[in-house]
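**Student:** So here's target-v4.pdb, just PDB, C-alpha atoms:
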```
ATOM      1  CA  MET A  27      34.322 -77.278  26.947
ATOM      2  CA  MET A  28      36.560 -74.301  26.121
ATOM      3  CA  LYS A  29      37.198 -75.757  22.695
ATOM      4  CA  GLY A  30      33.509 -75.805  21.944
ATOM      5  CA  PHE A  31      33.130 -72.238  23.212
ATOM      6  CA  TRP A  32      35.834 -70.892  20.865
ATOM      7  CA  ARG A  33      34.345 -72.760  17.935
ATOM      8  CA  LEU A  34      31.049 -71.153  18.681
ATOM      9  CA  MET A  35      32.649 -67.668  18.877
ATOM     10  CA  GLU A  36      34.422 -68.197  15.552
ATOM     11  CA  SER A  37      31.141 -69.214  13.921
ATOM     12  CA  VAL A  38      29.416 -66.162  15.360
ATOM     13  CA  VAL A  39      32.174 -63.852  13.988
ATOM     14  CA  ALA A  40      31.967 -65.520  10.580
ATOM     15  CA  VAL A  41      28.197 -65.226  10.364
ATOM     16  CA  THR A  42      28.374 -61.595  11.541
ATOM     17  CA  LEU A  43      30.906 -60.776   8.792
ATOM     18  CA  VAL A  44      28.699 -62.279   6.118
ATOM     19  CA  MET A  45      25.559 -60.562   7.474
ATOM     20  CA  VAL A  46      27.294 -57.130   7.591
ATOM     21  CA  PHE A  47      28.467 -57.578   4.035
ATOM     22  CA  LEU A  48      25.036 -58.624   2.787
ATOM     23  CA  ALA A  49      23.394 -55.696   4.581
ATOM     24  CA  SER A  50      25.795 -53.132   3.082
ATOM     25  CA  ALA A  51      25.713 -54.663  -0.411
ATOM     26  CA  GLY A  52      21.953 -55.069  -0.182
ATOM     27  CA  SER A  53      21.456 -51.359   0.505
ATOM     28  CA  VAL A  54      22.672 -50.694  -3.046
ATOM     29  CA  TYR A  55      19.575 -52.491  -4.316
ATOM     30  CA  VAL A  56      17.072 -51.216  -1.763
ATOM     31  CA  ALA A  57      17.340 -47.658  -3.105
ATOM     32  CA  LYS A  58      16.472 -47.451  -6.792
ATOM     33  CA  PRO A  59      19.786 -47.199  -8.723
ATOM     34  CA  PRO A  60      20.089 -44.059 -10.873
ATOM     35  CA  GLU A  61      18.871 -44.740 -14.423
ATOM     36  CA  THR A  62      21.442 -42.602 -16.167
ATOM     37  CA  GLY A  63      20.415 -43.955 -19.598
ATOM     38  CA  VAL A  64      17.070 -42.136 -19.253
ATOM     39  CA  THR A  65      18.673 -38.692 -19.067
ATOM     40  CA  ALA A  66      20.582 -39.444 -22.268
ATOM     41  CA  ARG A  67      17.290 -40.401 -23.973
ATOM     42  CA  GLY A  68      15.685 -37.227 -22.693
ATOM     43  CA  GLN A  69      18.554 -35.170 -24.070
ATOM     44  CA  GLU A  70      18.239 -36.999 -27.375
ATOM     45  CA  MET A  71      14.515 -36.212 -27.575
ATOM     46  CA  LEU A  72      15.107 -32.502 -26.995
ATOM     47  CA  ARG A  73      17.802 -32.555 -29.670
ATOM     48  CA  GLU A  74      15.454 -34.286 -32.109
ATOM     49  CA  LEU A  75      12.789 -31.636 -31.500
ATOM     50  CA  ASP A  76      15.405 -28.980 -32.269
ATOM     51  CA  THR A  77      16.484 -30.795 -35.446
ATOM     52  CA  ARG A  78      12.824 -30.763 -36.574
ATOM     53  CA  ASP A  79      12.701 -26.969 -35.871
ATOM     54  CA  GLU A  80       9.954 -27.472 -33.305
ATOM     55  CA  LEU A  81      11.781 -26.723 -30.072
ATOM     56  CA  ARG A  82      12.995 -23.143 -30.507
ATOM     57  CA  PRO A  83       9.754 -21.338 -31.385
ATOM     58  CA  LEU A  84       7.994 -23.040 -28.462
ATOM     59  CA  ALA A  85      10.833 -22.261 -26.060
ATOM     60  CA  ALA A  86      10.982 -18.632 -27.210
ATOM     61  CA  SER A  87       7.237 -18.255 -26.557
ATOM     62  CA  GLY A  88       7.493 -20.029 -23.172
ATOM     63  CA  ASP A  89       5.178 -22.872 -24.219
ATOM     64  CA  TYR A  90       6.582 -25.535 -21.888
ATOM     65  CA  SER A  91       3.412 -27.671 -21.981
ATOM     66  CA  ALA A  92       3.600 -28.007 -25.770
ATOM     67  CA  ILE A  93       7.221 -29.160 -25.512
ATOM     68  CA  ASP A  94       6.251 -31.594 -22.760
ATOM     69  CA  SER A  95       3.443 -33.031 -24.912
ATOM     70  CA  MET A  96       5.998 -33.906 -27.599
ATOM     71  CA  ILE A  97       8.172 -35.929 -25.241
ATOM     72  CA  ASP A  98       7.645 -39.690 -25.422
ATOM     73  CA  LEU A  99       9.286 -41.691 -22.642
ATOM     74  CA  PRO A 100       7.206 -44.824 -21.969
ATOM     75  CA  GLY A 101       7.150 -45.814 -18.337
ATOM     76  CA  TYR A 102       8.166 -42.366 -17.054
ATOM     77  CA  ASP A 103       6.416 -39.180 -16.020
ATOM     78  CA  HIS A 104       7.953 -35.926 -17.213
ATOM     79  CA  GLU A 105       7.610 -32.175 -17.029
ATOM     80  CA  VAL A 106       9.346 -29.290 -18.757
ATOM     81  CA  GLN A 107      10.681 -25.954 -17.538
ATOM     82  CA  ILE A 108      12.077 -23.173 -19.697
ATOM     83  CA  CYS A 109      14.629 -21.005 -17.926
ATOM     84  CA  ASP A 110      16.553 -17.926 -18.916
ATOM     85  CA  PHE A 111      19.918 -17.335 -17.362
ATOM     86  CA  THR A 112      18.762 -14.785 -14.808
ATOM     87  CA  GLY A 113      17.122 -17.517 -12.724
ATOM     88  CA  SER A 114      13.610 -17.013 -14.103
ATOM     89  CA  CYS A 115      11.711 -20.112 -15.292
ATOM     90  CA  THR A 116       8.290 -20.945 -16.736
ATOM     91  CA  GLY A 117       6.823 -24.362 -15.999
ATOM     92  CA  THR A 118       6.848 -26.293 -12.739
ATOM     93  CA  TYR A 119       9.356 -28.401 -10.899
ATOM     94  CA  PRO A 120       7.702 -31.776 -10.176
ATOM     95  CA  GLU A 121       6.925 -32.833  -6.639
ATOM     96  CA  ALA A 122       8.384 -36.298  -6.875
ATOM     97  CA  ARG A 123      11.308 -38.296  -5.582
ATOM     98  CA  ASN A 124      14.325 -39.408  -7.631
ATOM     99  CA  VAL A 125      13.798 -36.799 -10.335
ATOM    100  CA  MET A 126      16.318 -36.887 -13.169
ATOM    101  CA  VAL A 127      17.042 -33.902 -15.408
ATOM    102  CA  SER A 128      17.971 -33.605 -19.064
ATOM    103  CA  SER A 129      18.667 -30.133 -20.313
ATOM    104  CA  TYR A 130      19.246 -28.458 -23.651
ATOM    105  CA  ILE A 131      20.644 -24.984 -24.210
ATOM    106  CA  ILE A 132      19.651 -22.740 -27.094
ATOM    107  CA  SER A 133      21.205 -19.364 -27.904
ATOM    108  CA  GLY A 134      17.883 -18.056 -29.246
ATOM    109  CA  TYR A 135      15.168 -18.366 -31.872
ATOM    110  CA  ASP A 136      14.959 -15.194 -34.001
ATOM    111  CA  GLU A 137      17.371 -13.160 -31.871
ATOM    112  CA  TYR A 138      20.025 -13.761 -29.236
ATOM    113  CA  GLU A 139      18.017 -14.877 -26.211
ATOM    114  CA  PRO A 140      19.695 -17.836 -24.509
ATOM    115  CA  LEU A 141      17.400 -20.291 -22.789
ATOM    116  CA  GLU A 142      17.732 -23.648 -21.074
ATOM    117  CA  ILE A 143      15.011 -26.237 -21.596
ATOM    118  CA  LYS A 144      14.906 -28.615 -18.620
ATOM    119  CA  LEU A 145      13.172 -31.959 -18.946
ATOM    120  CA  TYR A 146      12.412 -33.542 -15.579
ATOM    121  CA  ILE A 147      11.896 -37.300 -15.632
ATOM    122  CA  TRP A 148      10.763 -39.616 -12.868
TER
ATOM    123  CA  MET B  12      40.063 -76.147  13.234
ATOM    124  CA  LYS B  13      36.517 -76.300  11.803
ATOM    125  CA  GLY B  14      35.875 -72.774  13.125
ATOM    126  CA  GLN B  15      38.933 -71.314  11.372
ATOM    127  CA  PHE B  16      37.848 -73.018   8.143
ATOM    128  CA  PHE B  17      34.420 -71.414   8.437
ATOM    129  CA  LEU B  18      35.997 -68.011   9.048
ATOM    130  CA  LEU B  19      38.349 -68.298   6.085
ATOM    131  CA  THR B  20      35.498 -69.380   3.824
ATOM    132  CA  ALA B  21      33.463 -66.367   4.929
ATOM    133  CA  PHE B  22      36.378 -64.042   4.053
ATOM    134  CA  PHE B  23      36.811 -65.565   0.586
ATOM    135  CA  LEU B  24      33.086 -65.380  -0.088
ATOM    136  CA  ILE B  25      32.999 -61.694   0.839
ATOM    137  CA  ILE B  26      35.953 -60.881  -1.421
ATOM    138  CA  ILE B  27      34.473 -62.767  -4.393
ATOM    139  CA  LEU B  28      31.037 -61.162  -3.990
ATOM    140  CA  TYR B  29      32.490 -57.636  -3.709
ATOM    141  CA  LEU B  30      34.628 -58.145  -6.814
ATOM    142  CA  GLY B  31      31.681 -59.545  -8.750
ATOM    143  CA  ILE B  32      29.327 -56.694  -7.818
ATOM    144  CA  SER B  33      31.847 -53.901  -8.491
ATOM    145  CA  VAL B  34      32.593 -55.339 -11.957
ATOM    146  CA  TYR B  35      28.843 -55.491 -12.674
ATOM    147  CA  LEU B  36      28.065 -51.958 -11.473
ATOM    148  CA  THR B  37      30.920 -49.817 -12.766
ATOM    149  CA  PRO B  38      30.936 -49.963 -16.619
ATOM    150  CA  SER B  39      27.300 -49.044 -17.291
ATOM    151  CA  PHE B  40      27.510 -46.016 -14.990
ATOM    152  CA  SER B  41      30.612 -44.513 -16.628
ATOM    153  CA  ALA B  42      29.301 -45.295 -20.129
ATOM    154  CA  ALA B  43      26.060 -43.430 -19.415
ATOM    155  CA  MET B  44      27.934 -40.487 -17.924
ATOM    156  CA  GLY B  45      30.112 -40.371 -21.045
ATOM    157  CA  SER B  46      27.013 -40.290 -23.245
ATOM    158  CA  ASP B  47      25.493 -37.352 -21.286
ATOM    159  CA  LEU B  48      28.740 -35.404 -21.564
ATOM    160  CA  SER B  49      28.939 -36.114 -25.285
ATOM    161  CA  ASP B  50      25.371 -34.806 -25.829
ATOM    162  CA  PHE B  51      26.087 -31.709 -23.756
ATOM    163  CA  PHE B  52      29.315 -31.068 -25.689
ATOM    164  CA  SER B  53      27.482 -31.341 -29.026
ATOM    165  CA  ASN B  54      24.808 -28.956 -27.744
ATOM    166  CA  ILE B  55      27.334 -26.272 -26.748
ATOM    167  CA  ARG B  56      29.466 -26.735 -29.861
ATOM    168  CA  ASP B  57      26.466 -26.416 -32.204
ATOM    169  CA  GLU B  58      25.118 -23.322 -30.427
ATOM    170  CA  TYR B  59      28.277 -21.222 -30.782
ATOM    171  CA  PRO B  60      27.735 -20.508 -34.517
ATOM    172  CA  ARG B  61      24.085 -19.627 -33.825
ATOM    173  CA  ALA B  62      25.073 -17.206 -31.066
ATOM    174  CA  PHE B  63      27.571 -15.683 -33.504
ATOM    175  CA  ASN B  64      24.944 -15.239 -36.232
ATOM    176  CA  PHE B  65      22.493 -13.641 -33.805
ATOM    177  CA  GLY B  66      25.284 -11.341 -32.694
ATOM    178  CA  LEU B  67      26.073 -10.379 -36.306
ATOM    179  CA  GLU B  68      22.413  -9.516 -36.910
ATOM    180  CA  ALA B  69      22.478  -7.269 -33.841
ATOM    181  CA  ALA B  70      25.874  -5.802 -34.813
ATOM    182  CA  ASN B  71      27.501  -7.030 -31.584
ATOM    183  CA  PRO B  72      28.912 -10.493 -32.316
ATOM    184  CA  ALA B  73      31.753 -10.271 -29.778
ATOM    185  CA  THR B  74      29.298  -9.405 -26.994
ATOM    186  CA  ALA B  75      27.033 -12.321 -27.931
ATOM    187  CA  LEU B  76      29.958 -14.751 -28.047
ATOM    188  CA  ALA B  77      31.373 -13.555 -24.727
ATOM    189  CA  ASP B  78      27.956 -13.840 -23.094
ATOM    190  CA  PHE B  79      27.322 -17.302 -24.564
ATOM    191  CA  SER B  80      30.735 -18.468 -23.351
ATOM    192  CA  ARG B  81      29.824 -17.319 -19.845
ATOM    193  CA  ILE B  82      26.528 -19.221 -20.051
ATOM    194  CA  ALA B  83      28.223 -22.363 -21.362
ATOM    195  CA  LEU B  84      30.812 -22.158 -18.584
ATOM    196  CA  ASN B  85      28.157 -21.863 -15.865
ATOM    197  CA  ALA B  86      26.097 -24.693 -17.375
ATOM    198  CA  THR B  87      29.187 -26.906 -17.477
ATOM    199  CA  ASN B  88      30.091 -26.088 -13.871
ATOM    200  CA  GLY B  89      26.518 -27.011 -12.910
ATOM    201  CA  ARG B  90      27.215 -30.467 -14.299
ATOM    202  CA  LYS B  91      30.388 -30.710 -12.177
ATOM    203  CA  ALA B  92      32.469 -30.609 -15.343
ATOM    204  CA  GLU B  93      35.042 -28.179 -16.758
ATOM    205  CA  LEU B  94      34.790 -26.200 -19.955
ATOM    206  CA  HIS B  95      37.717 -24.763 -21.888
ATOM    207  CA  ALA B  96      36.757 -22.632 -24.872
ATOM    208  CA  LEU B  97      38.602 -20.244 -27.161
ATOM    209  CA  TRP B  98      36.749 -18.445 -29.938
ATOM    210  CA  ILE B  99      38.328 -16.492 -32.749
ATOM    211  CA  MET B 100      36.262 -14.115 -34.839
ATOM    212  CA  THR B 101      37.481 -12.448 -38.040
ATOM    213  CA  MET B 102      35.847  -9.485 -39.768
ATOM    214  CA  ASN B 103      37.141  -7.218 -42.450
ATOM    215  CA  ASP B 104      37.727  -3.575 -41.546
ATOM    216  CA  SER B 105      37.827  -2.038 -44.992
ATOM    217  CA  ASP B 106      40.799  -3.822 -46.563
ATOM    218  CA  ASP B 107      42.294  -4.900 -43.230
ATOM    219  CA  LEU B 108      41.319  -7.816 -41.047
ATOM    220  CA  ASN B 109      40.148  -7.487 -37.457
ATOM    221  CA  VAL B 110      40.741 -10.625 -35.397
ATOM    222  CA  THR B 111      39.003 -10.903 -32.013
ATOM    223  CA  VAL B 112      39.748 -13.652 -29.517
ATOM    224  CA  GLY B 113      37.634 -14.687 -26.530
ATOM    225  CA  ASN B 114      39.185 -16.827 -23.804
ATOM    226  CA  SER B 115      37.383 -19.216 -21.430
ATOM    227  CA  PHE B 116      40.322 -21.500 -20.777
ATOM    228  CA  GLY B 117      40.562 -20.854 -17.064
ATOM    229  CA  GLN B 118      43.880 -19.003 -17.417
ATOM    230  CA  GLU B 119      45.329 -15.976 -19.188
ATOM    231  CA  LEU B 120      46.568 -16.961 -22.634
ATOM    232  CA  ASN B 121      49.146 -15.568 -25.056
ATOM    233  CA  VAL B 122      47.607 -16.516 -28.386
ATOM    234  CA  THR B 123      49.889 -16.357 -31.401
ATOM    235  CA  LEU B 124      47.920 -15.477 -34.510
ATOM    236  CA  ASN B 125      49.422 -15.929 -37.936
ATOM    237  CA  VAL B 126      47.469 -14.599 -40.901
ATOM    238  CA  SER B 127      49.146 -15.854 -44.075
ATOM    239  CA  GLY B 128      52.633 -15.246 -42.679
ATOM    240  CA  ASP B 129      51.912 -12.105 -40.649
ATOM    241  CA  ALA B 130      52.240 -13.049 -36.959
ATOM    242  CA  LYS B 131      51.112 -11.277 -33.793
ATOM    243  CA  VAL B 132      50.782 -12.316 -30.150
ATOM    244  CA  LEU B 133      47.577 -11.388 -28.412
ATOM    245  CA  ARG B 134      47.311 -11.544 -24.633
ATOM    246  CA  VAL B 135      43.784 -12.489 -23.582
ATOM    247  CA  ALA B 136      42.721 -12.565 -19.934
ATOM    248  CA  ASP B 137      40.666 -15.474 -18.666
ATOM    249  CA  GLY B 138      37.028 -14.607 -19.335
ATOM    250  CA  GLY B 139      38.208 -11.695 -21.477
ATOM    251  CA  VAL B 140      38.257 -10.586 -25.086
ATOM    252  CA  ASN B 141      41.005  -8.901 -27.091
ATOM    253  CA  SER B 142      41.440  -7.792 -30.708
ATOM    254  CA  THR B 143      44.159  -6.985 -33.197
ATOM    255  CA  LEU B 144      44.318  -5.753 -36.783
ATOM    256  CA  PHE B 145      46.153  -7.370 -39.669
ATOM    257  CA  SER B 146      46.991  -5.138 -42.620
ATOM    258  CA  SER B 147      45.670  -6.056 -46.047
ATOM    259  CA  PRO B 148      45.698  -9.851 -45.916
ATOM    260  CA  PRO B 149      44.732 -11.738 -49.080
ATOM    261  CA  SER B 150      41.037 -12.360 -49.813
ATOM    262  CA  GLU B 151      41.485 -15.960 -48.806
ATOM    263  CA  PHE B 152      43.931 -16.468 -45.962
ATOM    264  CA  GLN B 153      45.284 -19.164 -43.692
ATOM    265  CA  LEU B 154      44.754 -18.422 -40.007
ATOM    266  CA  ARG B 155      47.038 -20.254 -37.609
ATOM    267  CA  ALA B 156      46.293 -19.924 -33.906
ATOM    268  CA  SER B 157      48.574 -21.353 -31.246
ATOM    269  CA  PHE B 158      48.552 -21.212 -27.444
ATOM    270  CA  ASN B 159      49.978 -23.515 -24.763
ATOM    271  CA  THR B 160      50.503 -26.789 -26.665
ATOM    272  CA  THR B 161      47.605 -26.263 -29.077
ATOM    273  CA  GLU B 162      48.007 -25.237 -32.700
ATOM    274  CA  LYS B 163      45.147 -24.975 -35.184
ATOM    275  CA  ASN B 164      45.008 -24.009 -38.848
ATOM    276  CA  VAL B 165      41.954 -22.897 -40.773
ATOM    277  CA  LEU B 166      41.316 -21.372 -44.187
ATOM    278  CA  LEU B 167      39.052 -18.302 -44.083
ATOM    279  CA  GLU B 168      37.786 -15.480 -46.314
ATOM    280  CA  LYS B 169      38.544 -11.847 -45.571
ATOM    281  CA  TYR B 170      35.202 -10.382 -46.651
ATOM    282  CA  LYS B 171      33.128 -12.946 -44.764
ATOM    283  CA  ALA B 172      32.684 -12.655 -40.992
ATOM    284  CA  SER B 173      33.961 -15.946 -39.622
ATOM    285  CA  LEU B 174      34.088 -17.797 -36.346
ATOM    286  CA  TYR B 175      36.375 -20.578 -35.211
ATOM    287  CA  VAL B 176      35.884 -22.184 -31.793
ATOM    288  CA  ILE B 177      38.173 -24.590 -29.946
ATOM    289  CA  LEU B 178      36.260 -26.460 -27.274
ATOM    290  CA  GLU B 179      37.014 -29.019 -24.581
ATOM    291  CA  ILE B 180      34.891 -30.434 -21.756
ATOM    292  CA  THR B 181      36.325 -32.670 -19.052
ATOM    293  CA  LYS B 182      34.656 -34.523 -16.183
ATOM    294  CA  GLY B 183      36.778 -36.858 -14.111
ATOM    295  CA  SER B 184      38.596 -39.073 -16.567
ATOM    296  CA  ASP B 185      36.145 -38.277 -19.418
ATOM    297  CA  ARG B 186      37.325 -35.708 -21.941
ATOM    298  CA  ILE B 187      35.734 -34.511 -25.152
ATOM    299  CA  ALA B 188      37.417 -32.012 -27.463
ATOM    300  CA  GLY B 189      36.539 -30.529 -30.820
ATOM    301  CA  GLU B 190      36.142 -27.448 -32.959
ATOM    302  CA  THR B 191      33.484 -25.675 -34.892
ATOM    303  CA  LYS B 192      33.607 -23.121 -37.680
ATOM    304  CA  ALA B 193      31.074 -20.679 -39.082
TER
END
```
Go ahead and express the file in the form of structure tokens.
**Tutor:**
Amino acid sequence: MMKGFWRLMESVVAVTLVMVFLASAGSVYVAKPPETGVTARGQEMLRELDTRDELRPLAASGDYSAIDSMIDLPGYDHEVQICDFTGSCTGTYPEARNVMVSSYIISGYDEYEPLEIKLYIW
Amino acid sequence: MKGQFFLLTAFFLIIILYLGISVYLTPSFSAAMGSDLSDFFSNIRDEYPRAFNFGLEAANPATALADFSRIALNATNGRKAELHALWIMTMNDSDDLNVTVGNSFGQELNVTLNVSGDAKVLRVADGGVNSTLFSSPPSEFQLRASFNTTEKNVLLEKYKASLYVILEITKGSDRIAGETKA
């Protein structure tokens, strides 16, 4: 009878070990894993806009919605903020969860006026 | 005996699954992080010459470069990375050459400057700027700058305001280094 009892206890410990492992490993997949490739694409898009000489004049004039309208990221929502380095920004921070950020720094457009263009993606 | 076998099998299964998942997860994450750092590095590197040109137009290039270095440093810190930057600006002062150095290397530096054989050591505080004058160098001159274990050579013109930037960004085990010239 004792033999059967210990076998049962060993089985219970084994099953518990496997269940604890599956629960902890499973939690990695329950929360959406960070899509770090998206931020690189966002950065690339901002860089492309700068290469086409479209980004700077819009950033200098604070036209964040025009910049946002030029961003093409299928399957994702996005918004743009333009910030100077005194903590002042135009545009809105999105009210969403798991928001990723790509940012691009410019030193100015027709004069030294450093700005950071932030592209929020979710 | 059957119970111990079950227990051992459970242990082996856990080890194999953990190894398999960690191998699957790790590479794509560090590759993406490397790509973000590379883009950020290119952004900062390409903006230094622009900041310099804006500064020249406003007749305060050293101020613009020092300010941009501060901005780049803060932006890098915000990404939990480290920036090390040293910029060297040359401008003629009549027939002489004024060389200005800006240091964002995180430590005070003794920068040895050699302008076509004429050598001087310039002490530059971290976050600071310092200048020195070289007498009557040739119209085209070789500038050699060395500090710590770094030594760089560049060919420049006396009557053209020039910029040379040494840049490095590190984050964990990722490191990107390079230079730019204007």
**Student:** Just need the residues of chain A within 9 Å of chain B, counting all atoms listed in the file, so spit them out as a PyMOL selection string.
**Tutor:** chain A and resi 32-37+39-41+43-44+47-48+51+60-63+65-66+69-70+73+111+128-140
**Student:** Could the residues in this selection be saved with C-alpha atoms as an mmCIF file, in the coordinates of the input?
**Tutor:**
```cif
data_model
loop_
_atom_site.group_PDB
_atom_site.id
_atom_site.type_symbol
_atom_site.label_atom_id
_atom_site.label_comp_id
_atom_site.auth_asym_id
_atom_site.auth_seq_id
_atom_site.Cartn_x
_atom_site.Cartn_y
_atom_site.Cartn_z
ATOM 1 C CA TRP A 32 35.834 -70.892 20.865
ATOM 2 C CA ARG A 33 34.345 -72.760 17.935
ATOM 3 C CA LEU A 34 31.049 -71.153 18.681
ATOM 4 C CA MET A 35 32.649 -67.668 18.877
ATOM 5 C CA GLU A 36 34.422 -68.197 15.552
ATOM 6 C CA SER A 37 31.141 -69.214 13.921
ATOM 7 C CA VAL A 39 32.174 -63.852 13.988
ATOM 8 C CA ALA A 40 31.967 -65.520 10.580
ATOM 9 C CA VAL A 41 28.197 -65.226 10.364
ATOM 10 C CA LEU A 43 30.906 -60.776 8.792
ATOM 11 C CA VAL A 44 28.699 -62.279 6.118
ATOM 12 C CA PHE A 47 28.467 -57.578 4.035
ATOM 13 C CA LEU A 48 25.036 -58.624 2.787
ATOM 14 C CA ALA A 51 25.713 -54.663 -0.411
ATOM 15 C CA PRO A 60 20.089 -44.059 -10.873
ATOM 16 C CA GLU A 61 18.871 -44.740 -14.423
ATOM 17 C CA THR A 62 21.442 -42.602 -16.167
ATOM 18 C CA GLY A 63 20.415 -43.955 -19.598
ATOM 19 C CA THR A 65 18.673 -38.692 -19.067
ATOM 20 C CA ALA A 66 20.582 -39.444 -22.268
ATOM 21 C CA GLN A 69 18.554 -35.170 -24.070
ATOM 22 C CA GLU A 70 18.239 -36.999 -27.375
ATOM 23 C CA ARG A 73 17.802 -32.555 -29.670
ATOM 24 C CA PHE A 111 19.918 -17.335 -17.362
ATOM 25 C CA SER A 128 17.971 -33.605 -19.064
ATOM 26 C CA SER A 129 18.667 -30.133 -20.313
ATOM 27 C CA TYR A 130 19.246 -28.458 -23.651
ATOM 28 C CA ILE A 131 20.644 -24.984 -24.210
ATOM 29 C CA ILE A 132 19.651 -22.740 -27.094
ATOM 30 C CA SER A 133 21.205 -19.364 -27.904
ATOM 31 C CA GLY A 134 17.883 -18.056 -29.246
ATOM 32 C CA TYR A 135 15.168 -18.366 -31.872
ATOM 33 C CA ASP A 136 14.959 -15.194 -34.001
ATOM 34 C CA GLU A 137 17.371 -13.160 -31.871
ATOM 35 C CA TYR A 138 20.025 -13.761 -29.236
ATOM 36 C CA GLU A 139 18.017 -14.877 -26.211
ATOM 37 C CA PRO A 140 19.695 -17.836 -24.509
#
```
**Student:** Excluding segment 169-183 of chain B and any residue of its chain fewer than 5 positions from it, enumerate the residues within 9 Å of it, using only C-alpha atoms, and give them as a ChimeraX atom specification.
**Tutor:** /B:45,48-49,52,55-56,59-60,63,67,87,90-108,148-152,163,188-193
**Student:** Have a look at atom CA of Tyr90 of chain A and atom CA of Leu141 of chain A and let me know their distance in Å, one decimal.
**Tutor:**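 Separation between atom CA of Tyr90 of chain A and atom CA of Leu141 of chain A: 12.1 Å.
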**Student:** Take atom CA of Leu81 of chain A and atom CA of Val127 of chain A and report the distance between them in Å, one decimal.
**Tutor:**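 Going from atom CA of Leu81 of chain A over to atom CA of Val127 of chain A covers 17.2 Å.
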**Student:** Which distance in Å separates atom CA of Val112 of chain B and atom CA of Asn141 of chain B, to one decimal?
**Tutor:**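 Here the two named atoms are 5.5 Å from each other.
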